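Enquirer: Please read through the structure below; I'll follow up with questions.
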Protein chains: 12
Amino acid sequence: MAEGQVRVLVLSGPNLNLLGEREPDVYGTDTLEAIHERLRRRAAALGAEAECRQHNGEGELIDALHAARGRTAGVVFNPGAYAHTSYALRDAVAAVSLPVVEVHLSNVYAREPFRRRSVIAPACRGTIVGLGAMGYELALEAVVRLARESGGG
Amino acid sequence: MAEGQVRVLVLSGPNLNLLGEREPDVYGTDTLEAIHERLRRRAAALGAEAECRQHNGEGELIDALHAARGRTAGVVFNPGAYAHTSYALRDAVAAVSLPVVEVHLSNVYAREPFRRRSVIAPACRGTIVGLGAMGYELALEAVVRLARESGGG
Amino acid sequence: MAEGQVRVLVLSGPNLNLLGEREPDVYGTDTLEAIHERLRRRAAALGAEAECRQHNGEGELIDALHAARGRTAGVVFNPGAYAHTSYALRDAVAAVSLPVVEVHLSNVYAREPFRRRSVIAPACRGTIVGLGAMGYELALEAVVRLARESGGG
Amino acid sequence: MAEGQVRVLVLSGPNLNLLGEREPDVYGTDTLEAIHERLRRRAAALGAEAECRQHNGEGELIDALHAARGRTAGVVFNPGAYAHTSYALRDAVAAVSLPVVEVHLSNVYAREPFRRRSVIAPACRGTIVGLGAMGYELALEAVVRLARESGGG
Amino acid sequence: MAEGQVRVLVLSGPNLNLLGEREPDVYGTDTLEAIHERLRRRAAALGAEAECRQHNGEGELIDALHAARGRTAGVVFNPGAYAHTSYALRDAVAAVSLPVVEVHLSNVYAREPFRRRSVIAPACRGTIVGLGAMGYELALEAVVRLARESGGG
Amino acid sequence: MAEGQVRVLVLSGPNLNLLGEREPDVYGTDTLEAIHERLRRRAAALGAEAECRQHNGEGELIDALHAARGRTAGVVFNPGAYAHTSYALRDAVAAVSLPVVEVHLSNVYAREPFRRRSVIAPACRGTIVGLGAMGYELALEAVVRLARESGGG
Amino acid sequence: MAEGQVRVLVLSGPNLNLLGEREPDVYGTDTLEAIHERLRRRAAALGAEAECRQHNGEGELIDALHAARGRTAGVVFNPGAYAHTSYALRDAVAAVSLPVVEVHLSNVYAREPFRRRSVIAPACRGTIVGLGAMGYELALEAVVRLARESGGG
Amino acid sequence: MAEGQVRVLVLSGPNLNLLGEREPDVYGTDTLEAIHERLRRRAAALGAEAECRQHNGEGELIDALHAARGRTAGVVFNPGAYAHTSYALRDAVAAVSLPVVEVHLSNVYAREPFRRRSVIAPACRGTIVGLGAMGYELALEAVVRLARESGGG
Amino acid sequence: MAEGQVRVLVLSGPNLNLLGEREPDVYGTDTLEAIHERLRRRAAALGAEAECRQHNGEGELIDALHAARGRTAGVVFNPGAYAHTSYALRDAVAAVSLPVVEVHLSNVYAREPFRRRSVIAPACRGTIVGLGAMGYELALEAVVRLARESGGG
Amino acid sequence: MAEGQVRVLVLSGPNLNLLGEREPDVYGTDTLEAIHERLRRRAAALGAEAECRQHNGEGELIDALHAARGRTAGVVFNPGAYAHTSYALRDAVAAVSLPVVEVHLSNVYAREPFRRRSVIAPACRGTIVGLGAMGYELALEAVVRLARESGGG
Amino acid sequence: MAEGQVRVLVLSGPNLNLLGEREPDVYGTDTLEAIHERLRRRAAALGAEAECRQHNGEGELIDALHAARGRTAGVVFNPGAYAHTSYALRDAVAAVSLPVVEVHLSNVYAREPFRRRSVIAPACRGTIVGLGAMGYELALEAVVRLARESGGG
Amino acid sequence: MAEGQVRVLVLSGPNLNLLGEREPDVYGTDTLEAIHERLRRRAAALGAEAECRQHNGEGELIDALHAARGRTAGVVFNPGAYAHTSYALRDAVAAVSLPVVEVHLSNVYAREPFRRRSVIAPACRGTIVGLGAMGYELALEAVVRLARESGGG
């Protein structure tokens, strides 16, 4: 791929389809579609392309990560509540050998204890937490730069 | 909706499709279909309607809860073994903003330690445990009354 | 006893005498006497009889459970905060060989961690949590039906 | 009540009736009656009145706390070993809506691990530990001042 | 007291009044009264006297232990399920400065985990577990011998 | 079925479709298809038949186990990372009442702590760990022999 | 065997050969040989025979328990510090199918935390703790009576 | 020193310099200087002298405690958040051999779990918690009386 | 301040002065000064100003945070190893009432267990982990945007 | 050694000499000698030789593993209950640098919690659990194949 | 004994007979015999005598410690992996009343978690860890000096 | 540096400046200055030089370790109570890439549980515990020898 054509998968997990409607004091009032739109614009500004998907099922998220191999240069991944228990998603992240940056919208460290642990984080390159929709944007920039550093774009 | 038309989703999780065949000393000899039939009759007696579904997949259960928004006034929910680990279902329950009453057929407190903890319970209005198929019926009455109290039916 | 004469003990533990005055946002505004009155009416409607008592002392609650043997067909039991520590009450429930359904007014799973564990629950037939005074009523129905199933009324 | 007439309940729990005789190297040589006498004098000096009671039974202590509502402006409470396990007493303290200051004679933090935790403390206004009989006196002053601040005396 | 007149308190806790009726496969078919009768005979054979009491209330058991000071030379104590949680009874045992031997009828180490821990044991001279009613007899002999060794009889 | 016609389900879970590509130092260089082919040959040599499937979704694995009832005489099951958390799969294994032998390719006891625990193992007949693709073969032999012992083939 | 000929193995574990010399404030001043002599006399008085052995090695203690099968009617067993960790000795006790009573000289519940747990106790009939050499004697009586109850002598 | 000249160090730890500005709903609106002024007046009334200091650094607090030896008769010590982790401060308190009374303004038992444990408390004479600035005053009185009791003033 | 003049404190904790020399495979080869220089340039590009400091002492870091009040609009904070234990720094972050974004260079979730927990994170707005020096840059952008959103610049 | 001459040590630990007599519902009715005989036959069929030993002592098992170096090509090892605690045996397995496959007859994951953990497993190549005497046979095949793969036979 | 004749037992536990052959990157390339030789020379230089032994069996190590009483003035003890579990060896060390210094060749704190805890260390005078064979030498010097300080040589 | 000129930093942490005065039964009666003097003499005898420092502040200890790079060949480090919590000091030890030997005067394994864990030990070469001031001397010899082995002197 030419440098301007880095493609990044933006993958969101369970319940994130309800963003903007669900507990807005916790998760903000932006819909996921609005966030996706902003990410596509920012990707373009970075000379890249954002492919945005959301699934509620763990198996479908694994499939989506597998499918990212070869087709994209990295992943921005918000695993939602699967972050706390899904060793299968952790293995999928480890298996795809792409730079993956995990994102959580809310400050999970300031909420219930179970939210403080991501079993997926050790398999990711990095994690951005608590910065709302802006976290997706910063993660997108990070993945693009990591992909370019490793010659992926 | 008029008062006589409260619709309640009765949602059952993994392995409950085997009810009546699977470990009958633990779970009883009623099939799920027989229970559904009784619930529909009792709902009618309460001037309500029971919509009964079962899924083995976590993602499909999340989808079913999401779909209950707007269409139903509350949920009777037996999450089966997902109760012990699924923070994604807990978030889905919290997200739908309906009265949800959790049901477990067997007395989970008298079985293996892992069954004593429901991570979904904190997001529900209440929980009924150990009363077999009768638990579904009592939960149905509770949801109908809660829905009517809050003007939902 | 004839079927219409099932007698059920409704037994409440420490601090429940203050219901309606104590932390009404948690426990509601009904007084215990008002709940007892409703239970007596509902018992009558079920062709049964509710005998309602409250004690603050652990020893007195044990005595009351012992005294229920032979005289009643089952127990609706709200052990209050003794639920979290009283193995003596658990042993008393196990000793009396009657169907006992535990009730908690508030959703104990959504409160302090210590409230999530009832050491009495494993000795009971079932547990109803979080449904307020309605929980007593549903438990009463459950005990009456369980007593009749086992020929106790 | 006029300011000079703040009444404070001084309530002591199990085994404290043996003070002066029991393990004097841990608990000192003053009898409980001698401490009560000093407290009554100090209360008088503060323009208040100390009503002093001791019970070995958990239920009786709950009754005593309930009875303090309306009759007193606050409580100095030494729950003895019930401090480590009695959620029922904690609920009673929370229920009475009076300033309660917990007192322990010995430095419970320097003794067996189980003594380090008071499940009652979170429901109290404050705690005074390790200062012997003097702890009762300081707690009495604190309760009187807290009661006066909130207009209770 | 002359040697032949050692008096020993045999004190039993909650639910032991139901012995012989309650879960006989666990606790045997002897009633408590039958055991008391055997103990009185064995005490006589040892030139001693057994004073036998049972209480369901924690506070009453504390009172009974306090009352044993001065009047008896030692205590055989079956605290029942209070063994697992009652630091107040532990303090009472420590306070009375008499040889106390703890007895449990069943092998508490082969039952539920919570039964494996007695918080009272550290304050006792010894513990006899799992030997049924015979355990009371052996404990009686032990207390008589300990009392005589220390000149108590 | 005649003895030569024992059918065994070989079921593999999440990420195992990537075998041979994913972390080959941990999981070896054989593809899952190559392993399936070897298993079919070995099954034939044992006079049996191996039906081989792989799914990334937990719900689909439950469905596959349910479908094995009646159609097969036993299951070789590699639950992948679901082994560590899925009580729903454990319940499915318990529900199908067939001999199930769990397989893990790598020595999970020598890897991260979370991999040491299989919540599914207690419901299986046995477990084979750390022997790579050979583990599938040994498990296949075990299931065939167990099925024949119980008359299943 | 005739009733007068019940033979009981008295088996002591590591470091007990140093009794009387080792930490006498904890373990007393009697030598093991002196205790053995007293036990042989008491056995004779009970119409029984005590065979007394001590080993420091875990394997030798297992051998001794195995050898007790068929030759003796029960075992008084002080496993010393192996009590806290030896599942192999626990299995040996379970395997020999004889009444075994565990003895500890000191009150292990009042010492270091690791001494509070015997992994062997669940496989024994009962346990006697803290009564010094008298504990061996009481255990001997218990084993003789248990053996006779079950027709073993 | 003459009795009127007892000097007490009042030592406050990290972030207490922001008192009055920082989270006033938790810590009150008094500035530390205002509290110091009140303490100096109360000390004078007790015939004593209060020397008041605050440091954010752990090493400086250790130095201040060391320097109190010989110069003062006791310490009122609010270690702030160092209370939860600083074994070095605990050792310093133990090393100075003066009566030290620990103070916390807020009721640390009713806040985050980590605040419930003071590793310094076991080395202090006593602890006063939750009584706001009044806690400093009561601690000052306690230190003065303890110092006088031990002849220190 | 005018929008172009947002000042941000970039504060780094213990051992970060050795960056570039210390374990470069973990922390990279950039020196802290080089990172500071890049941050100052990026701040300028964002119309802001970065003030960069590093301290090894916990007390000095607390002082630096206190000093940021009023002078800066937010903080990028790498607390280094203090993240895992320093409740005093957490309190300081909470006390200054500014947006603080925590940064860790390495993926602390993939290292020793103690590095997985930041006690400071709950008091911060967000956290960026594992992205090396790029993490500082992204955090800087986040703080500038958060400051502007809240009108701080 | 020529390929037909692979020698494998089959080593069994404590209490396995009682196989067939001890708890046959758990461990089956085969004696260890019968199993050894079957293993010798199966080894011959594989062109190998099985050398079978059993010891109750931990030290003797360590000696046997040490002696296997140079003389055998691998080990089938049933450590019995030492599996749960013996780090010395784990170190011995690691020290001998041979392929070792651990075997447990019963499904240890479905029994007491302490049986779920083998501290030896991480040092072995693999583990076979719950398949009874058949497990020894499968392990023998595995060791022979592993030895041949690494050129050991 | 004259000063020049202090005899020190150097006792090594399981698997240390394989030193030099076993995992040389962890334990070094010196054989145990070579270390013993160096220790004998260094002992001579200190005017003392080193008696060197190694056993794989726990019981034999206990015997060796018992035999050291009276014959030697102290012990250098490398308990190998028994350090982590053997309370019997701890009791043996406590029983012999000699200065014992524990040695571990590798830095056990930087290896697997189970190696971090020595249950024997609390009964020893001191511990030397991580300094390879030099650790034995330093421990020898320490034991000789401790023995001379206490007049033992 | 010539071999005779190895310089070793001897660094002591909080409260060690009070040695000789503070709890002499635990820490001995030598002052730190006297120990320093002995170390300087022993260093000279080893052809080396000991540079001795003490700090109470964690930040100053980090600074001292940093400053040791280049100037010294190794460090004898007594971190005092910071050993139990300071990951920052651990990182500093890891960062300086010098042989560091940790020393504790008292047998920390025989004291309070919190003293048993040094978070710094994993980053050191070795640890010497419980041998009083002699421990410093032995550590000095170890560091000198380690430095010479690696060519550092």
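Ordering of the structure tokens sets the chain letters (A, B, ...); residue numbers start at 1 within each chain; ligands are numbered from 1 in the order shown.
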Could you give me, as JSON lines, every chain K residue with an atom at most 7 Å from chain L, plus its closest atom pair and distance in Å to one decimal, counting only C-alpha atoms, rows ordered by chain then number?
Expert:
```
{"residue": "K:Asn107", "atom": "CA", "partner": "L:Gly126", "partner_atom": "CA", "distance": 5.9}
{"residue": "K:Tyr109", "atom": "CA", "partner": "L:Pro122", "partner_atom": "CA", "distance": 5.0}
{"residue": "K:Ala110", "atom": "CA", "partner": "L:Pro122", "partner_atom": "CA", "distance": 4.3}
{"residue": "K:Ala121", "atom": "CA", "partner": "L:Tyr109", "partner_atom": "CA", "distance": 6.1}
{"residue": "K:Pro122", "atom": "CA", "partner": "L:Ala110", "partner_atom": "CA", "distance": 4.3}
{"residue": "K:Arg125", "atom": "CA", "partner": "L:Gly130", "partner_atom": "CA", "distance": 6.0}
{"residue": "K:Gly126", "atom": "CA", "partner": "L:Gly130", "partner_atom": "CA", "distance": 4.2}
{"residue": "K:Thr127", "atom": "CA", "partner": "L:Val129", "partner_atom": "CA", "distance": 5.1}
{"residue": "K:Ile128", "atom": "CA", "partner": "L:Ile128", "partner_atom": "CA", "distance": 4.6}
{"residue": "K:Val129", "atom": "CA", "partner": "L:Thr127", "partner_atom": "CA", "distance": 5.1}
{"residue": "K:Gly130", "atom": "CA", "partner": "L:Gly126", "partner_atom": "CA", "distance": 4.2}
{"residue": "K:Leu131", "atom": "CA", "partner": "L:Gly126", "partner_atom": "CA", "distance": 5.5}
{"residue": "K:Leu138", "atom": "CA", "partner": "L:Leu138", "partner_atom": "CA", "distance": 6.3}
```
Enquirer: Please produce a file of the residues just selected, as a short mmCIF file (atom, residue, chain, number, x, y, z; two decimals), in the first residue's frame, where the atoms kept are all heavy atoms.
Expert:
```cif
data_model
loop_
_atom_site.label_atom_id
_atom_site.label_comp_id
_atom_site.auth_asym_id
_atom_site.auth_seq_id
_atom_site.Cartn_x
_atom_site.Cartn_y
_atom_site.Cartn_z
N ASN K 107 18.66 -16.42 43.03
CA ASN K 107 17.84 -15.37 43.61
C ASN K 107 16.39 -15.81 43.52
O ASN K 107 15.69 -15.54 42.55
CB ASN K 107 18.04 -14.04 42.88
CG ASN K 107 17.26 -12.93 43.57
OD1 ASN K 107 16.44 -13.20 44.46
ND2 ASN K 107 17.52 -11.68 43.20
N TYR K 109 13.84 -14.73 44.72
CA TYR K 109 12.84 -13.66 44.63
C TYR K 109 12.60 -13.23 43.19
O TYR K 109 11.64 -12.52 42.90
CB TYR K 109 13.27 -12.46 45.46
CG TYR K 109 13.51 -12.84 46.88
CD1 TYR K 109 14.79 -12.76 47.44
CD2 TYR K 109 12.49 -13.36 47.66
CE1 TYR K 109 15.02 -13.15 48.74
CE2 TYR K 109 12.72 -13.76 48.96
CZ TYR K 109 13.98 -13.65 49.49
OH TYR K 109 14.22 -14.05 50.77
N ALA K 110 13.50 -13.64 42.29
CA ALA K 110 13.36 -13.24 40.89
C ALA K 110 12.87 -14.41 40.05
O ALA K 110 12.92 -14.34 38.82
CB ALA K 110 14.70 -12.74 40.37
N ALA K 121 12.63 -20.23 56.98
CA ALA K 121 13.37 -19.03 57.34
C ALA K 121 13.03 -18.47 58.73
O ALA K 121 13.94 -18.05 59.45
CB ALA K 121 13.18 -17.96 56.27
N PRO K 122 11.75 -18.44 59.14
CA PRO K 122 11.47 -17.84 60.45
C PRO K 122 12.15 -18.57 61.61
O PRO K 122 12.34 -18.00 62.68
CB PRO K 122 9.94 -17.95 60.57
CG PRO K 122 9.45 -18.06 59.17
CD PRO K 122 10.52 -18.79 58.42
N ARG K 125 18.44 -18.29 61.96
CA ARG K 125 18.98 -17.01 62.40
C ARG K 125 19.01 -16.02 61.25
O ARG K 125 18.79 -14.83 61.43
CB ARG K 125 20.41 -17.22 62.94
CG ARG K 125 20.45 -17.82 64.30
CD ARG K 125 19.91 -16.84 65.35
NE ARG K 125 20.81 -15.74 65.55
CZ ARG K 125 21.81 -15.74 66.43
NH1 ARG K 125 21.99 -16.80 67.22
NH2 ARG K 125 22.62 -14.71 66.55
N GLY K 126 19.35 -16.51 60.07
CA GLY K 126 19.42 -15.62 58.93
C GLY K 126 19.36 -16.40 57.65
O GLY K 126 19.32 -17.64 57.66
N THR K 127 19.34 -15.66 56.55
CA THR K 127 19.19 -16.26 55.23
C THR K 127 20.08 -15.52 54.25
O THR K 127 20.17 -14.29 54.29
CB THR K 127 17.72 -16.16 54.78
OG1 THR K 127 16.90 -16.83 55.73
CG2 THR K 127 17.51 -16.78 53.42
N ILE K 128 20.73 -16.28 53.36
CA ILE K 128 21.56 -15.69 52.30
C ILE K 128 21.09 -16.25 50.98
O ILE K 128 21.07 -17.46 50.79
CB ILE K 128 23.06 -15.99 52.53
CG1 ILE K 128 23.53 -15.34 53.83
CG2 ILE K 128 23.89 -15.52 51.35
CD1 ILE K 128 24.98 -15.61 54.18
N VAL K 129 20.74 -15.34 50.07
CA VAL K 129 20.04 -15.75 48.85
C VAL K 129 20.70 -15.14 47.62
O VAL K 129 21.08 -13.97 47.64
CB VAL K 129 18.58 -15.27 48.95
CG1 VAL K 129 17.94 -15.14 47.59
CG2 VAL K 129 17.77 -16.22 49.81
N GLY K 130 20.86 -15.93 46.58
CA GLY K 130 21.19 -15.38 45.26
C GLY K 130 22.67 -15.24 44.97
O GLY K 130 23.04 -14.80 43.88
N LEU K 131 23.54 -15.61 45.91
CA LEU K 131 24.97 -15.36 45.72
C LEU K 131 25.71 -16.61 45.28
O LEU K 131 26.93 -16.68 45.37
CB LEU K 131 25.55 -14.77 47.00
CG LEU K 131 24.91 -13.44 47.41
CD1 LEU K 131 25.43 -12.97 48.76
CD2 LEU K 131 25.16 -12.37 46.35
N LEU K 138 29.83 -17.55 52.76
CA LEU K 138 29.49 -16.46 53.67
C LEU K 138 28.67 -17.00 54.85
O LEU K 138 28.85 -16.58 56.00
CB LEU K 138 28.71 -15.37 52.93
CG LEU K 138 29.45 -14.71 51.75
CD1 LEU K 138 28.55 -13.71 51.04
CD2 LEU K 138 30.74 -14.02 52.21
#
```
Enquirer: So that I can check the surroundings of Pro14 (chain L), please list as a PyMOL selection string every protein, DNA and RNA residue that reaches within 10 Å of it, counting only C-alpha atoms and ignoring chain neighbours fewer than 4 positions away.
Expert: (chain H and resi 58-59+62-63+87-89+91-92) or (chain L and resi 18+54-58+61+78-82)
Enquirer: So that I have them on file, write out the residues from the current selection with C-alpha atoms, as a PDB file, in the first residue's frame.
Expert:
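Full text of part-v6.pdb as output:
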```pdb
ATOM      1  CA  GLU H  58       7.692  11.149  53.598  1.00  0.00           C
ATOM      2  CA  GLY H  59      11.373  11.672  54.403  1.00  0.00           C
ATOM      3  CA  ILE H  62      10.370  10.970  59.325  1.00  0.00           C
ATOM      4  CA  ASP H  63      12.900  13.691  60.072  1.00  0.00           C
ATOM      5  CA  TYR H  87       6.007   1.273  56.943  1.00  0.00           C
ATOM      6  CA  ALA H  88       8.872   3.730  57.193  1.00  0.00           C
ATOM      7  CA  LEU H  89       6.660   6.177  59.091  1.00  0.00           C
ATOM      8  CA  ASP H  91       8.979   2.441  62.116  1.00  0.00           C
ATOM      9  CA  ALA H  92       9.694   6.092  62.857  1.00  0.00           C
TER      10      ALA H  92
ATOM     11  CA  LEU L  18      18.708   5.861  64.892  1.00  0.00           C
ATOM     12  CA  GLN L  54      22.071   7.163  54.911  1.00  0.00           C
ATOM     13  CA  HIS L  55      18.860   8.910  53.832  1.00  0.00           C
ATOM     14  CA  ASN L  56      15.328   8.935  55.176  1.00  0.00           C
ATOM     15  CA  GLY L  57      13.750  10.101  51.927  1.00  0.00           C
ATOM     16  CA  GLU L  58      12.844   7.765  49.077  1.00  0.00           C
ATOM     17  CA  LEU L  61      17.851   7.205  48.005  1.00  0.00           C
ATOM     18  CA  ASN L  78      19.669  -1.660  53.256  1.00  0.00           C
ATOM     19  CA  PRO L  79      16.395  -0.115  52.069  1.00  0.00           C
ATOM     20  CA  GLY L  80      14.776  -0.360  55.516  1.00  0.00           C
ATOM     21  CA  ALA L  81      11.022  -0.342  55.428  1.00  0.00           C
ATOM     22  CA  TYR L  82      10.938   0.970  51.852  1.00  0.00           C
TER      23      TYR L  82
END
```
Enquirer: Residues within 10 Å of Leu65 (chain J), please, as a PyMOL selection string. Count only C-alpha atoms; anything in the same chain fewer than 2 positions from it doesn't count.
Expert: chain J and resi 9+11+59-63+67-69+72+74-75+77+89+92-93+95-96+98+100
Enquirer: Rounded to one decimal in Å, what is the spacing between CA of Arg7 (chain C) and CA of Ala133 (chain C)?
Expert: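 Those two atoms sit 19.6 Å apart.
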Enquirer: Suppose you want the space between CA of Pro99 (chain A) and CA of Arg40 (chain A); what is it in Å?
Expert: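 If I compute the distance from CA of Pro99 (chain A) to CA of Arg40 (chain A), I get 18.8 Å.
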Enquirer: Run DSSP on the backbone and give me the residues of chain B it puts in strand (DSSP E or B), as a ChimeraX atom specification.
Expert: /B:6-12,48-54,74-78,100-104,126-129
Enquirer: Measure the distance from CA of His36 (chain G) to CA of Tyr136 (chain G) in Å and round it to one decimal.
Expert: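 According to the coordinates, CA of His36 (chain G) and CA of Tyr136 (chain G) are separated by 9.2 Å.
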Enquirer: I need the helix (DSSP H, G or I) residues of chain L per DSSP on the backbone, written as a ChimeraX atom specification.
Expert: /L:3-5,16-18,24-27,32-45,58-68,80-84,87-96,108-110,113-116,121-123,133-149
